[in-house]
Every structure is written in structure tokens, then in C-alpha cells.
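Text of target.csv, listed as CSV, C-alpha atoms:
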chain,number,residue,atom,x,y,z
J,382,MET,CA,0.0,0.0,0.0
J,383,GLN,CA,2.8,2.4,1.0
J,384,ALA,CA,4.8,1.4,-2.1
J,385,ALA,CA,1.8,2.1,-4.4
J,386,LEU,CA,1.3,5.5,-2.7
J,387,ALA,CA,5.0,6.3,-3.1
J,388,ASN,CA,4.9,5.3,-6.8
J,389,ARG,CA,1.8,7.5,-7.4
J,390,GLN,CA,3.5,10.5,-5.7
J,391,GLU,CA,6.6,9.9,-7.8
J,392,MET,CA,4.6,10.0,-11.0
J,393,ARG,CA,3.1,13.4,-9.9
J,394,LYS,CA,6.6,14.9,-9.7
J,395,THR,CA,7.9,16.9,-12.6
J,396,MET,CA,11.1,15.3,-13.7
J,397,TYR,CA,13.0,18.3,-15.0
J,398,HIS,CA,16.2,16.5,-15.7
J,399,ILE,CA,14.4,14.2,-18.1
J,400,LEU,CA,12.4,17.0,-19.6
J,401,PHE,CA,15.5,19.1,-20.3
J,402,ALA,CA,17.3,16.0,-21.7
J,403,ILE,CA,14.5,15.1,-24.1
J,404,SER,CA,14.2,18.8,-25.1
J,405,LEU,CA,17.9,18.9,-25.9
J,406,VAL,CA,17.5,15.8,-28.0
J,407,HIS,CA,14.5,17.4,-29.7
J,408,LEU,CA,16.8,20.4,-30.5
J,409,LEU,CA,19.4,18.1,-32.0
J,410,ASN,CA,16.9,16.1,-33.9
J,411,ASP,CA,15.1,19.1,-35.4
J,412,SER,CA,18.3,21.0,-36.1
J,413,MET,CA,19.3,18.0,-38.3
J,414,GLN,CA,15.9,18.0,-40.0
J,415,ALA,CA,16.5,21.8,-40.5
J,416,VAL,CA,19.6,20.9,-42.5
J,417,ILE,CA,17.3,19.9,-45.3
J,418,PRO,CA,15.7,23.3,-45.9
J,419,ALA,CA,19.0,25.0,-45.0
J,420,ILE,CA,20.8,23.2,-47.8
J,421,LEU,CA,18.2,23.6,-50.4
J,422,PRO,CA,19.6,26.8,-52.0
J,423,ILE,CA,23.0,25.1,-52.2
J,424,LEU,CA,21.6,21.9,-53.8
J,425,LYS,CA,19.4,23.9,-56.2
J,426,SER,CA,22.5,25.7,-57.5
J,427,SER,CA,25.0,22.8,-57.5
J,428,MET,CA,22.6,20.2,-59.0
J,429,SER,CA,20.6,22.6,-61.2
J,430,LEU,CA,17.3,21.6,-59.5
J,431,SER,CA,13.9,23.0,-60.4
J,432,TYR,CA,11.5,24.4,-57.8
J,433,LEU,CA,9.5,21.2,-58.1
J,434,GLN,CA,12.5,19.1,-57.3
J,435,VAL,CA,13.2,21.4,-54.3
J,436,GLY,CA,9.7,20.7,-53.1
J,437,LEU,CA,10.1,17.0,-53.7
J,438,ILE,CA,13.1,16.9,-51.4
J,439,VAL,CA,11.1,18.5,-48.6
J,440,PHE,CA,8.2,16.2,-49.5
J,441,ALA,CA,10.4,13.1,-49.2
J,442,LEU,CA,11.6,14.1,-45.7
J,443,ASN,CA,8.2,15.2,-44.3
J,444,ILE,CA,5.9,12.7,-45.8
J,445,THR,CA,8.0,9.9,-44.4
J,446,ALA,CA,7.6,11.3,-40.9
J,447,SER,CA,3.9,12.0,-41.5
J,448,VAL,CA,3.0,8.5,-42.7
J,449,LEU,CA,5.1,6.7,-40.1
J,450,GLN,CA,4.7,8.8,-37.0
J,451,PRO,CA,1.0,7.9,-36.3
J,452,ALA,CA,1.9,4.3,-37.1
J,453,PHE,CA,4.8,4.3,-34.6
J,454,GLY,CA,2.6,6.2,-32.1
J,455,LEU,CA,-0.2,3.7,-32.3
J,456,TYR,CA,2.2,0.8,-32.0
J,457,THR,CA,4.0,2.3,-28.9
J,458,ASP,CA,0.6,3.1,-27.3
J,459,LEU,CA,0.1,-0.6,-27.2
J,460,LYS,CA,3.7,-1.6,-26.6
J,461,PRO,CA,5.9,1.3,-25.3
J,462,SER,CA,9.4,0.7,-26.6
J,463,PRO,CA,12.1,2.8,-24.8
J,464,TYR,CA,15.0,1.7,-27.0
J,465,LEU,CA,13.3,2.8,-30.2
J,466,LEU,CA,14.6,6.2,-29.3
J,467,PRO,CA,18.3,5.6,-29.9
J,468,ILE,CA,17.5,3.2,-32.8
J,469,GLY,CA,15.6,5.9,-34.6
J,470,MET,CA,18.4,8.4,-34.1
J,471,SER,CA,20.8,5.9,-35.8
J,472,SER,CA,18.7,6.2,-38.9
J,473,THR,CA,19.1,10.0,-38.8
J,474,PHE,CA,22.9,9.5,-38.4
J,475,LEU,CA,23.0,7.5,-41.6
J,476,GLY,CA,20.8,10.1,-43.4
J,477,MET,CA,23.2,12.9,-42.4
J,478,LEU,CA,26.2,10.8,-43.6
J,479,GLY,CA,24.5,10.1,-46.9
J,480,LEU,CA,23.5,13.7,-47.4
J,481,ALA,CA,27.1,14.9,-47.0
J,482,PHE,CA,28.3,12.7,-49.9
J,483,ALA,CA,25.1,12.5,-52.1
J,484,PRO,CA,26.2,12.7,-55.7
J,485,SER,CA,22.7,13.1,-57.3
J,486,PHE,CA,19.1,14.2,-56.7
J,487,TYR,CA,17.9,10.7,-56.1
J,488,PHE,CA,20.7,10.0,-53.5
J,489,VAL,CA,19.6,13.1,-51.7
J,490,LEU,CA,16.0,11.8,-51.6
J,491,MET,CA,17.2,8.5,-50.1
J,492,SER,CA,19.2,10.3,-47.5
J,493,VAL,CA,16.4,12.6,-46.4
J,494,ILE,CA,14.0,9.6,-46.2
J,495,MET,CA,16.4,8.1,-43.6
J,496,VAL,CA,16.2,11.4,-41.7
J,497,GLY,CA,12.4,11.2,-42.0
J,498,ILE,CA,12.3,7.7,-40.6
J,499,GLY,CA,14.4,8.8,-37.6
J,500,SER,CA,12.0,11.7,-37.0
J,501,ALA,CA,9.0,9.4,-37.2
J,502,VAL,CA,10.4,7.1,-34.5
J,503,PHE,CA,11.6,9.9,-32.3
J,504,HIS,CA,8.6,12.2,-31.9
J,505,PRO,CA,5.8,9.9,-30.6
J,506,GLU,CA,8.1,8.2,-28.0
J,507,ALA,CA,9.8,11.5,-27.0
J,508,SER,CA,6.4,13.1,-26.5
J,509,ARG,CA,5.4,10.1,-24.3
J,510,VAL,CA,8.6,10.6,-22.3
J,511,ALA,CA,7.7,14.3,-21.8
J,512,HIS,CA,4.2,13.3,-20.8
J,513,MET,CA,5.5,10.7,-18.3
J,514,ALA,CA,8.1,13.2,-16.9
J,515,ALA,CA,5.5,16.0,-16.6
J,516,GLY,CA,3.9,14.9,-13.4
J,517,ALA,CA,1.0,17.3,-12.8
J,518,ARG,CA,2.4,20.0,-15.1
J,519,LYS,CA,1.5,18.7,-18.6
J,520,GLY,CA,1.4,22.1,-20.3
J,521,LEU,CA,4.8,23.2,-19.0
J,522,ALA,CA,6.3,19.9,-19.8
J,523,GLN,CA,5.1,20.0,-23.4
J,524,SER,CA,6.4,23.6,-23.8
J,525,ILE,CA,9.8,22.5,-22.5
J,526,PHE,CA,9.8,19.6,-24.9
J,527,GLN,CA,8.5,21.5,-28.0
J,528,VAL,CA,10.7,24.6,-27.5
J,529,GLY,CA,13.7,22.3,-28.1
J,530,GLY,CA,12.4,21.3,-31.5
J,531,ASN,CA,11.5,24.9,-32.4
J,532,SER,CA,14.9,26.1,-31.3
J,533,GLY,CA,16.5,23.4,-33.5
J,534,GLN,CA,14.5,24.5,-36.5
J,535,SER,CA,15.5,28.1,-35.9
J,536,LEU,CA,19.2,27.1,-36.5
J,537,ALA,CA,18.6,26.4,-40.2
J,538,PRO,CA,19.4,29.9,-41.5
J,539,ILE,CA,22.4,30.1,-39.2
J,540,MET,CA,23.6,26.8,-40.6
J,541,THR,CA,23.2,28.1,-44.1
J,542,ALA,CA,25.1,31.2,-43.5
J,543,LEU,CA,27.9,29.8,-41.4
J,544,ILE,CA,28.3,26.2,-42.7
J,545,PHE,CA,26.7,25.5,-46.1
J,546,VAL,CA,27.6,28.7,-47.9
J,547,ARG,CA,31.2,27.9,-47.1
J,548,LEU,CA,31.4,24.1,-47.2
J,549,GLY,CA,28.4,23.2,-49.5
J,550,GLN,CA,26.5,20.0,-48.9
J,551,PHE,CA,29.6,18.4,-47.3
J,552,GLY,CA,28.9,20.6,-44.3
J,553,ALA,CA,26.2,18.0,-43.4
J,554,ILE,CA,29.0,15.8,-42.1
J,555,TRP,CA,29.2,17.9,-39.0
J,556,PHE,CA,25.7,16.9,-38.0
J,557,THR,CA,26.7,13.2,-37.6
J,558,ILE,CA,28.3,14.5,-34.4
J,559,ALA,CA,24.9,15.9,-33.3
J,560,ALA,CA,23.3,12.5,-34.1
J,561,PHE,CA,25.8,10.6,-32.1
J,562,THR,CA,25.4,12.9,-29.1
J,563,ALA,CA,21.6,12.5,-29.3
J,564,ILE,CA,22.0,8.7,-29.3
J,565,LEU,CA,24.1,8.8,-26.1
J,566,ILE,CA,21.5,11.0,-24.4
J,567,GLN,CA,18.6,8.8,-25.5
J,568,LEU,CA,20.3,5.7,-24.1
J,569,TYR,CA,20.2,7.4,-20.7
J,570,ILE,CA,16.5,8.5,-21.2
J,571,ALA,CA,15.5,5.0,-22.4
J,572,GLU,CA,16.9,3.4,-19.3
J,573,TRP,CA,14.8,5.8,-17.1
J,574,TYR,CA,11.8,5.2,-19.3
J,575,ARG,CA,12.2,1.4,-19.0
J,576,GLN,CA,12.4,1.6,-15.2
J,577,ILE,CA,9.1,3.4,-14.8
J,578,LEU,CA,7.0,1.8,-17.6
J,579,HIS,CA,5.1,-0.4,-15.2
J,580,HIS,CA,3.8,2.7,-13.3
J,581,THR,CA,1.9,3.9,-16.4
J,582,HIS,CA,-0.2,0.8,-17.1
J,583,SER,CA,-2.9,1.8,-14.5
J,584,LEU,CA,-3.0,5.3,-15.9
J,585,ARG,CA,-3.8,4.1,-19.4
J,586,ALA,CA,-6.5,1.8,-18.1
J,587,LYS,CA,-7.9,4.6,-16.0
J,588,THR,CA,-8.3,7.0,-18.9
J,589,LYS,CA,-9.4,4.5,-21.5
J,590,ALA,CA,-13.0,4.6,-20.4
J,591,ALA,CA,-13.2,8.4,-20.6
J,592,GLN,CA,-14.3,8.4,-24.2
J,593,SER,CA,-17.1,5.9,-23.8
J,594,GLY,CA,-20.4,6.6,-25.5
J,595,ALA,CA,-21.0,6.9,-29.3
J,596,ASN,CA,-22.2,10.5,-29.1
J,597,ARG,CA,-19.1,11.5,-27.2
J,598,GLN,CA,-16.8,9.7,-29.7
J,599,ARG,CA,-18.5,11.6,-32.6
J,600,LYS,CA,-17.8,14.9,-30.9
J,601,VAL,CA,-14.2,13.9,-30.2
J,602,ALA,CA,-13.8,12.9,-33.9
J,603,VAL,CA,-15.2,16.2,-35.2
J,604,ALA,CA,-13.0,18.1,-32.8
J,605,MET,CA,-9.9,16.2,-33.9
J,606,SER,CA,-10.8,16.8,-37.6
J,607,LEU,CA,-11.0,20.5,-36.9
J,608,LEU,CA,-7.6,20.4,-35.2
J,609,LEU,CA,-6.1,18.7,-38.3
J,610,VAL,CA,-7.5,21.5,-40.5
J,611,PHE,CA,-5.7,23.9,-38.1
J,612,VAL,CA,-2.5,21.9,-38.5
J,613,PHE,CA,-2.9,21.8,-42.2
J,614,ALA,CA,-3.2,25.6,-42.6
J,615,ARG,CA,-0.4,26.4,-40.1
J,616,SER,CA,2.0,23.9,-41.7
J,617,TRP,CA,1.4,25.2,-45.2
J,618,TYR,CA,2.2,28.7,-44.1
J,619,HIS,CA,5.2,27.6,-42.2
J,620,SER,CA,6.5,25.7,-45.3
J,621,ALA,CA,5.9,28.8,-47.4
J,622,ILE,CA,8.0,31.0,-45.1
J,623,THR,CA,10.8,28.6,-44.3
J,624,ASN,CA,11.3,27.0,-47.7
J,625,TYR,CA,10.3,29.7,-50.2
J,626,TYR,CA,10.5,33.1,-48.6
J,627,PRO,CA,14.3,33.1,-49.1
J,628,PHE,CA,13.8,32.6,-52.8
J,629,PHE,CA,11.2,35.4,-52.8
J,630,LEU,CA,13.8,37.8,-51.2
J,631,LEU,CA,16.5,36.7,-53.7
J,632,ASP,CA,14.2,37.2,-56.6
J,633,LYS,CA,12.7,40.6,-55.5
J,634,TYR,CA,15.7,42.3,-53.8
J,635,HIS,CA,18.7,40.4,-55.1
J,636,ILE,CA,20.3,40.3,-51.6
J,637,PRO,CA,23.0,37.8,-50.6
J,638,LEU,CA,21.8,34.4,-49.5
J,639,GLN,CA,23.2,34.9,-46.0
J,640,GLN,CA,21.0,37.9,-45.6
J,641,THR,CA,17.8,36.1,-46.5
J,642,GLN,CA,18.5,33.6,-43.8
J,643,ILE,CA,18.3,36.3,-41.1
J,644,TYR,CA,14.6,36.7,-41.8
J,645,ILE,CA,14.0,32.9,-41.4
J,646,PHE,CA,16.1,32.9,-38.3
J,647,LEU,CA,14.0,35.7,-36.7
J,648,PHE,CA,10.7,33.9,-37.7
J,649,LEU,CA,11.8,30.6,-36.2
J,650,ALA,CA,13.7,32.0,-33.1
J,651,ALA,CA,10.7,34.1,-32.1
J,652,GLY,CA,8.6,31.0,-32.8
J,653,ALA,CA,10.6,29.1,-30.3
J,654,ILE,CA,9.9,31.7,-27.7
J,655,GLY,CA,6.2,31.7,-28.6
J,656,THR,CA,6.2,27.9,-28.3
J,657,PHE,CA,7.6,28.1,-24.8
J,658,LEU,CA,5.3,30.8,-23.6
J,659,GLY,CA,2.2,29.4,-25.3
J,660,GLY,CA,1.7,26.6,-22.7
J,661,PRO,CA,1.8,28.8,-19.6
J,662,LEU,CA,-0.4,31.4,-21.4
J,663,SER,CA,-2.9,28.8,-22.3
J,664,ASP,CA,-3.2,27.8,-18.6
J,665,ARG,CA,-4.3,31.4,-17.9
J,666,LEU,CA,-6.2,32.3,-21.0
J,667,GLY,CA,-7.5,28.9,-22.3
J,668,LYS,CA,-6.0,26.5,-24.8
J,669,ARG,CA,-8.7,27.2,-27.5
J,670,ASN,CA,-8.2,31.0,-27.1
J,671,ILE,CA,-4.4,30.6,-27.7
J,672,LEU,CA,-5.1,28.4,-30.8
J,673,LEU,CA,-7.4,31.1,-32.2
J,674,PHE,CA,-5.1,34.0,-31.4
J,675,SER,CA,-2.1,32.2,-33.0
J,676,MET,CA,-3.6,32.2,-36.4
J,677,LEU,CA,-5.9,35.2,-36.5
J,678,GLY,CA,-3.4,37.3,-34.8
J,679,SER,CA,-0.8,36.5,-37.4
J,680,ALA,CA,-3.2,36.9,-40.4
J,681,PRO,CA,-2.8,40.7,-40.9
J,682,LEU,CA,1.0,40.5,-40.6
J,683,ALA,CA,1.1,37.6,-43.1
J,684,MET,CA,-0.8,39.6,-45.6
J,685,LEU,CA,1.5,42.5,-45.2
J,686,LEU,CA,4.8,40.5,-45.5
J,687,PRO,CA,4.9,40.1,-49.4
J,688,TYR,CA,4.6,43.9,-49.7
J,689,ALA,CA,7.0,44.9,-46.9
J,690,ASN,CA,10.4,46.4,-47.6
J,691,LEU,CA,13.5,44.8,-46.2
J,692,PHE,CA,13.4,46.6,-42.9
J,693,TRP,CA,9.7,46.0,-42.1
J,694,ALA,CA,10.2,42.4,-43.2
J,695,TYR,CA,12.5,42.0,-40.2
J,696,VAL,CA,9.9,43.2,-37.8
J,697,ILE,CA,7.0,41.2,-39.4
J,698,SER,CA,9.1,38.0,-39.4
J,699,LEU,CA,9.9,38.4,-35.7
J,700,VAL,CA,6.4,39.2,-34.5
J,701,ASN,CA,4.7,36.8,-36.8
J,702,GLY,CA,6.9,33.9,-35.8
J,703,PHE,CA,6.1,34.5,-32.1
J,704,ILE,CA,2.4,34.7,-32.7
J,705,ILE,CA,1.8,31.8,-35.1
J,706,LEU,CA,4.0,29.3,-33.3
J,707,SER,CA,2.6,30.1,-29.9
J,708,SER,CA,0.0,27.4,-30.5
J,709,PHE,CA,2.5,24.6,-31.2
J,710,SER,CA,2.8,23.0,-27.7
J,711,VAL,CA,-0.8,24.1,-26.9
J,712,LEU,CA,-2.3,22.1,-29.8
J,713,VAL,CA,-0.5,18.9,-28.7
J,714,VAL,CA,-1.7,19.3,-25.1
J,715,TYR,CA,-5.3,20.1,-26.3
J,716,ALA,CA,-5.3,17.0,-28.4
J,717,GLN,CA,-3.9,14.8,-25.6
J,718,GLU,CA,-6.7,16.0,-23.4
J,719,LEU,CA,-9.2,15.3,-26.1
J,720,MET,CA,-8.0,11.7,-26.5
J,721,PRO,CA,-6.4,10.6,-23.2
J,722,GLY,CA,-4.5,7.4,-23.1
J,723,ARG,CA,-3.4,7.8,-26.7
J,724,VAL,CA,-0.3,9.9,-26.2
J,725,GLY,CA,1.7,8.3,-29.0
J,726,MET,CA,-1.0,8.3,-31.7
J,727,VAL,CA,-2.1,11.9,-30.8
J,728,SER,CA,1.5,13.1,-31.0
J,729,GLY,CA,1.9,11.3,-34.3
J,730,LEU,CA,-1.2,13.0,-35.7
J,731,THR,CA,-0.5,16.5,-34.4
J,732,ILE,CA,3.3,16.6,-34.8
J,733,GLY,CA,3.6,14.1,-37.6
J,734,LEU,CA,0.8,15.4,-39.6
J,735,ALA,CA,2.4,18.9,-39.4
J,736,PHE,CA,5.4,17.4,-41.2
J,737,GLY,CA,3.2,15.7,-43.7
J,738,MET,CA,1.1,18.8,-44.4
J,739,GLY,CA,4.2,20.8,-44.7
J,740,ALA,CA,5.5,18.2,-47.2
J,741,ILE,CA,2.5,18.4,-49.4
J,742,GLY,CA,2.4,22.1,-49.1
J,743,SER,CA,6.1,22.4,-50.1
J,744,ALA,CA,5.6,20.2,-53.2
J,745,VAL,CA,2.4,22.0,-54.3
J,746,LEU,CA,3.9,25.4,-53.7
J,747,GLY,CA,7.1,24.4,-55.5
J,748,GLY,CA,5.2,23.2,-58.5
J,749,LEU,CA,3.0,26.4,-58.6
J,750,ALA,CA,6.1,28.6,-58.2
J,751,ASP,CA,7.5,27.1,-61.4
J,752,LYS,CA,4.3,28.1,-63.2
J,753,ILE,CA,3.1,31.4,-61.7
J,754,GLY,CA,6.2,32.7,-60.0
J,755,ILE,CA,7.5,32.9,-56.4
J,756,ALA,CA,6.0,36.3,-55.7
J,757,GLU,CA,2.4,35.1,-56.4
J,758,ILE,CA,3.0,32.0,-54.1
J,759,MET,CA,3.9,34.3,-51.2
J,760,LYS,CA,0.8,36.4,-51.8
J,761,LEU,CA,-1.5,33.4,-51.9
J,762,SER,CA,0.1,31.8,-48.8
J,763,SER,CA,-0.5,35.0,-46.8
J,764,TYR,CA,-4.2,34.1,-46.6
J,765,LEU,CA,-3.6,30.7,-45.0
J,766,PRO,CA,-3.7,31.9,-41.3
J,767,LEU,CA,-7.4,32.9,-41.8
J,768,SER,CA,-8.1,29.2,-41.7
J,769,GLY,CA,-7.6,29.5,-38.0
J,770,LEU,CA,-11.2,30.5,-37.7
J,771,VAL,CA,-12.0,26.8,-37.4
J,772,ALA,CA,-10.7,27.1,-33.8
J,773,LEU,CA,-14.1,28.8,-33.0
J,774,LEU,CA,-15.8,25.5,-33.6
J,775,LEU,CA,-13.6,23.5,-31.2
J,776,PRO,CA,-14.9,22.6,-27.7
J,777,THR,CA,-13.8,25.1,-25.1
J,778,ASP,CA,-11.5,24.2,-22.2
J,779,GLN,CA,-14.6,24.2,-20.0
J,780,THR,CA,-16.3,21.7,-22.3
J,781,LEU,CA,-13.3,19.4,-22.1
J,782,ARG,CA,-13.4,19.5,-18.3
J,783,LYS,CA,-17.1,18.8,-18.4
J,784,TRP,CA,-16.5,15.8,-20.6
J,785,GLY,CA,-13.9,14.6,-18.0
J,786,VAL,CA,-11.3,13.8,-20.6
J,787,GLU,CA,-8.4,15.9,-19.3
J,788,THR,CA,-5.3,13.9,-18.9
J,789,GLU,CA,-4.3,15.3,-15.6
J,790,SER,CA,-5.2,13.2,-12.6
Represent the supplied structure as C-alpha cells.
Amino acid sequence: MQAALANRQEMRKTMYHILFAISLVHLLNDSMQAVIPAILPILKSSMSLSYLQVGLIVFALNITASVLQPAFGLYTDLKPSPYLLPIGMSSTFLGMLGLAFAPSFYFVLMSVIMVGIGSAVFHPEASRVAHMAAGARKGLAQSIFQVGGNSGQSLAPIMTALIFVRLGQFGAIWFTIAAFTAILIQLYIAEWYRQILHHTHSLRAKTKAAQSGANRQRKVAVAMSLLLVFVFARSWYHSAITNYYPFFLLDKYHIPLQQTQIYIFLFLAAGAIGTFLGGPLSDRLGKRNILLFSMLGSAPLAMLLPYANLFWAYVISLVNGFIILSSFSVLVVYAQELMPGRVGMVSGLTIGLAFGMGAIGSAVLGGLADKIGIAEIMKLSSYLPLSGLVALLLPTDQTLRKWGVETES
């Protein structure tokens, strides 16, 4: 009896050392993913790629993660697998190695698919680790975990300016060190994960019954569908900015490649701050309210960006990155509360689908850019944040509590 009580109290603790460790791995993992968009201008020039081929490279990376993440998440919901974490990172290691030496477009595709597989394995299980280490502070834990990923993504323009402009695609070889470091950290995390696995079985059993009733399940399905629309719109806009805005600046202002990367860095770095603060703000203001604000608040700025001069583009990139990515961790926690006991699958859908939608968006936008021009693509993309209006149709935080499906216990 006393042992069970002690175990329950231990699970309520917030394990900050694990959260910061998994956040660091998230930073390393997403910085390696960010190598792909960072190296695109180099590959486009050295391999004489079309915009469509540029889009297909991003598609190969992201669609792999999108298709496999929910599958891995569903599998690990049924059978948690701590040592999948370092195994998945080994795939990323091989992808980075291949990218550094890739002699052709198709070899690049094979390499980014390996990186995509590593990401697909990492995110569901890493999100579960953050959930398990959160104790009673789920929102804060998810913010700590997600800010690592957003910080890693924000390094892409810095990597372009400092590494790839100087070394070309061979600069990717340096990121095998990051992959090896991440493998070592994940071996430590996996051992902690393995030791506490048996404490989570009762929690999954406890929350499984929360979604009983056909009417409730229909409402949950509708709400999840609306969340996916939200993910779709945000991911397409994110893809437009991170993958194609540098080409827009090069085409319109003829500035150096290094300078274009500053705008992307500001967007992503401010987004990392927004990601971290979004969780605590949602605890005060409501998760649905933050979801709504993140898209509609960014819409006017998104519409102004294609017409802004170089100075105001700095300001808009900074503010818009903070606003639109403030919902990143909030959306994951909202979805976990909507579907408790399905941490892996929900993480695969919300995080993995974001990669997938970004992949489709990148391919579509790249194909359209070849036909109608990069300037028109940026103008059309500026309307995507208006799709955030779907958040008005989501159940409120009070409704979720009324349904009794919050994950916190």
C-alpha cells in the first residue's frame, strides 16, 4: 500500500532533468531536420534543381515522418518501446552521412528519407517521455519539450550562413556528431523510461473509459478533424516561409543568400519563444483561445509581408513567428486532453501530420512557383492563417473538463 502510494507520488513529480534532456535531443533532432531546408539553395544551385525538385526533397523528408509517425505512435501506445529512441536516431545519423556525400538528386532523396524515418520514430516516443516526466504540469512539460524542437528548427538559417555557404553540402557531415550525441543522451533516457514503464499501465487503463459513448466519440472525432484542419493551414504557411520566402527575397531584392537567412532565423527563433510561452499562457487564458489567437493574430502580418520592404520584413518576421507558433505546444496538449491514453497516436497525428502537411504544401507550392512565380506564391500563402477560424468550432476548455477527458489526474 505504501509502495503504491510512493509510486503515485513519484509519478506526480515533474522530472525536470528528463524534460531538459529530451528537449535537448529534440533540439538536436530538429536541427538535423533543418539541415534539409537550409541546404536547399546550395543543392538547387549545385545540382541545377527546379523548384518542383526542391519541393520533392522536402516532401520526401516530411511525408516519411507524416505517414510513419502515427503508425509508430499507435504501436507504442500498445507496446511502449524505450530503446526505439536511440535506434531511430541511428537512422538519422545514416541520413546525415549520406547527405554529405550525395552525388545526385535521387541519392539526396534516399538520405532525407532516412532522416524522416528517424524523426518518425523519435517524436511519438519522445512526446510520451515528456508526458511521463511531466507529473501534474503537462502544459509546462510540453512547452519545454517543444521549444527544443523549435529552437533546433531556428538554427537552419544560421547553418546556411555559417556552414553550407562555405562548405556546401559536405557541411552536413558535422551533424553526424549531433546525431551521435543524441544517441548517447537517449540511451540514458531510455533506461529511465524502462524503469518506470510499469507505473503507467494503470493510468492508461484509468483513462481508457473516458471516451465511452457513441455521441461523445463523434464529438471527439469532429474536434480532432478541426484540429487537423488547423495543423494543415499552419503547416502550409510555415512551409511557405521557411522554404520559399528566401527565394522570394532573392528574386525581388537580389540580396545575398546569407541575408535572406536572417529573416527565417527571426521567424523561427521568435517562434521558439512563442512555443515556450504558449503553454503557460494557455493555462491562464485557455487553450482554445491561444489556438485562435495564434492564427488570426498573425493573419494581418502575413498579408503585409509580401509587400514589406527589407526593414519591415525583419519586424514582421519576428512578431509573426512568435504569434503563429505560440500554439505549437498548446495544440499537442489540447489533443492529448481530447484523446487521453493515446499519447503516441495523438502526438503522431498533431506533430507528424504537421510534417506531412508541410511536405504536401512544399511540393504543391514548389510546382506552382515554377508556373506562376515565387511572388504570387507568397501572396497566396498569406491568406492561410485565416483558416484559424476553425478554432471557433472547437470545444472550449470548460467543455473538455465537463467531458472529463483531461489527462491530468
For stretch 443-532 of chain J against stretch 557-580 of chain J, with a cut-off of 8 Å and counting all atoms listed in the file, what is the closest atom pair and its distance in Å to one decimal for every residue that makes the cut, ordered by chain and number, as a Markdown table?
| residue | atom | partner | partner_atom | distance |
| --- | --- | --- | --- | --- |
| J:Pro461 | CA | J:Leu578 | CA | 7.8 |
| J:Pro463 | CA | J:Ala571 | CA | 4.7 |
| J:Tyr464 | CA | J:Ala571 | CA | 5.7 |
| J:Leu466 | CA | J:Gln567 | CA | 6.1 |
| J:Pro467 | CA | J:Ile564 | CA | 4.9 |
| J:Ile468 | CA | J:Ile564 | CA | 7.9 |
| J:Met470 | CA | J:Ile564 | CA | 6.0 |
| J:Ser471 | CA | J:Ile564 | CA | 7.2 |
| J:Thr473 | CA | J:Ala560 | CA | 6.8 |
| J:Phe474 | CA | J:Ala560 | CA | 5.3 |
| J:Leu475 | CA | J:Thr557 | CA | 7.9 |
| J:Met477 | CA | J:Thr557 | CA | 5.9 |
| J:Leu478 | CA | J:Thr557 | CA | 6.5 |
| J:Val510 | CA | J:Tyr574 | CA | 7.0 |
Selection: 8 Å around J:Gly769, all atoms listed in the file, excl. self and same-chain fewer than 3 positions, as a CSV table (one decimal) with C-alpha atoms, in the frame of the given file:
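Written out: result18.csv:
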chain,number,residue,atom,x,y,z
J,611,PHE,CA,-5.7,23.9,-38.1
J,614,ALA,CA,-3.2,25.6,-42.6
J,672,LEU,CA,-5.1,28.4,-30.8
J,673,LEU,CA,-7.4,31.1,-32.2
J,675,SER,CA,-2.1,32.2,-33.0
J,676,MET,CA,-3.6,32.2,-36.4
J,677,LEU,CA,-5.9,35.2,-36.5
J,766,PRO,CA,-3.7,31.9,-41.3
J,772,ALA,CA,-10.7,27.1,-33.8
What's around J:Ile697 at 10 Å? Count all atoms listed in the file, leave out sequence neighbours fewer than 5 positions away in its own chain, and write the answer as a PDB file with C-alpha atoms, in the frame of the given file.
ATOM      1  CA  TYR J 644      14.600  36.700 -41.800  1.00  0.00           C
ATOM      2  CA  LEU J 647      14.000  35.700 -36.700  1.00  0.00           C
ATOM      3  CA  PHE J 648      10.700  33.900 -37.700  1.00  0.00           C
ATOM      4  CA  SER J 679      -0.800  36.500 -37.400  1.00  0.00           C
ATOM      5  CA  PRO J 681      -2.800  40.700 -40.900  1.00  0.00           C
ATOM      6  CA  LEU J 682       1.000  40.500 -40.600  1.00  0.00           C
ATOM      7  CA  ALA J 683       1.100  37.600 -43.100  1.00  0.00           C
ATOM      8  CA  LEU J 685       1.500  42.500 -45.200  1.00  0.00           C
ATOM      9  CA  LEU J 686       4.800  40.500 -45.500  1.00  0.00           C
ATOM     10  CA  ALA J 689       7.000  44.900 -46.900  1.00  0.00           C
ATOM     11  CA  PHE J 692      13.400  46.600 -42.900  1.00  0.00           C
ATOM     12  CA  GLY J 702       6.900  33.900 -35.800  1.00  0.00           C
ATOM     13  CA  PHE J 703       6.100  34.500 -32.100  1.00  0.00           C
TER      14      PHE J 703
END
Nearest to J:Gly516 by atom-to-atom distance, counting only C-alpha atoms, from J:Trp784, J:Phe486, J:Tyr397, J:Phe709
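Closest residue, counting only C-alpha atoms: J:Tyr397.
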J:Gln642 surroundings by all atoms listed in the file, 7 Å radius, close-in-sequence under 3 positions cut, as a count of residues only
7
Could you check the closest approach to J:Gly529 for each of J:Leu774, J:Ile654, J:Val603, J:Ile438 and tell me which residue wins, using all atoms listed in the file?
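Checking each candidate against J:Gly529, we get J:Ile654 as the closest.
Atom to atom, atom CA of J:Val612 and atom CA of J:Val714 stand 13.7 Å apart.
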Against stretch 726-733 of chain J, which residues of stretch 488-517 of chain J fall within 12 Å? For each one I want the closest pair of atoms and the distance in Å (one decimal), counting only C-alpha atoms, rows by chain and increasing residue number, as a Markdown table.
| residue | atom | partner | partner_atom | distance |
| --- | --- | --- | --- | --- |
| J:Gly497 | CA | J:Gly733 | CA | 10.3 |
| J:Ile498 | CA | J:Gly733 | CA | 11.2 |
| J:Ser500 | CA | J:Gly733 | CA | 8.8 |
| J:Ala501 | CA | J:Gly733 | CA | 7.2 |
| J:Val502 | CA | J:Gly729 | CA | 9.5 |
| J:Phe503 | CA | J:Gly729 | CA | 10.0 |
| J:His504 | CA | J:Gly729 | CA | 7.2 |
| J:Pro505 | CA | J:Ser728 | CA | 5.4 |
| J:Glu506 | CA | J:Ser728 | CA | 8.8 |
| J:Ala507 | CA | J:Ser728 | CA | 9.4 |
| J:Ser508 | CA | J:Ser728 | CA | 6.7 |
| J:Arg509 | CA | J:Ser728 | CA | 8.3 |
| J:Val510 | CA | J:Ser728 | CA | 11.5 |
| J:Ala511 | CA | J:Ser728 | CA | 11.2 |
| J:His512 | CA | J:Ser728 | CA | 10.6 |
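As for atom CA of J:Leu424 and atom CA of J:Ala694, they are spaced 25.7 Å apart.
Across the structure, atom CA of J:Gln527 and atom CA of J:Thr656 are spaced 6.8 Å apart.
Applying the 10 Å criterion to (11.0, 36.4, -55.9) in file coordinates and using only C-alpha atoms, one obtains the residues Tyr625, Tyr626, Pro627, Phe628, Phe629, Leu630, Leu631, Asp632, Lys633, Tyr634, His635, Pro687, Ala750, Gly754, Ile755, Ala756, Glu757, Ile758 and Met759 of chain J.
Residue nearest J:Thr777, chosen from J:Asn701, J:Asn670, J:Asn624, J:Ser710 and counting all atoms listed in the file: J:Asn670.
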For J:Val489: contacts at 8 Å, all atoms listed in the file, fewer than 6 positions along chain excluded, given as a ChimeraX atom specification:
/J:438,479-480,483
Restricting the calculation to all atoms listed in the file: of J:Asn443, J:Asn531, J:Ser762, J:Gln550, which residue gets closest to J:Ala481?
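Distance minimum relative to J:Ala481 lands on J:Gln550.
Nearest to J:Ser472 of all the residues J:Gly499, J:Pro661, J:Gly530, J:Gly552 is J:Gly499, counting only C-alpha atoms.
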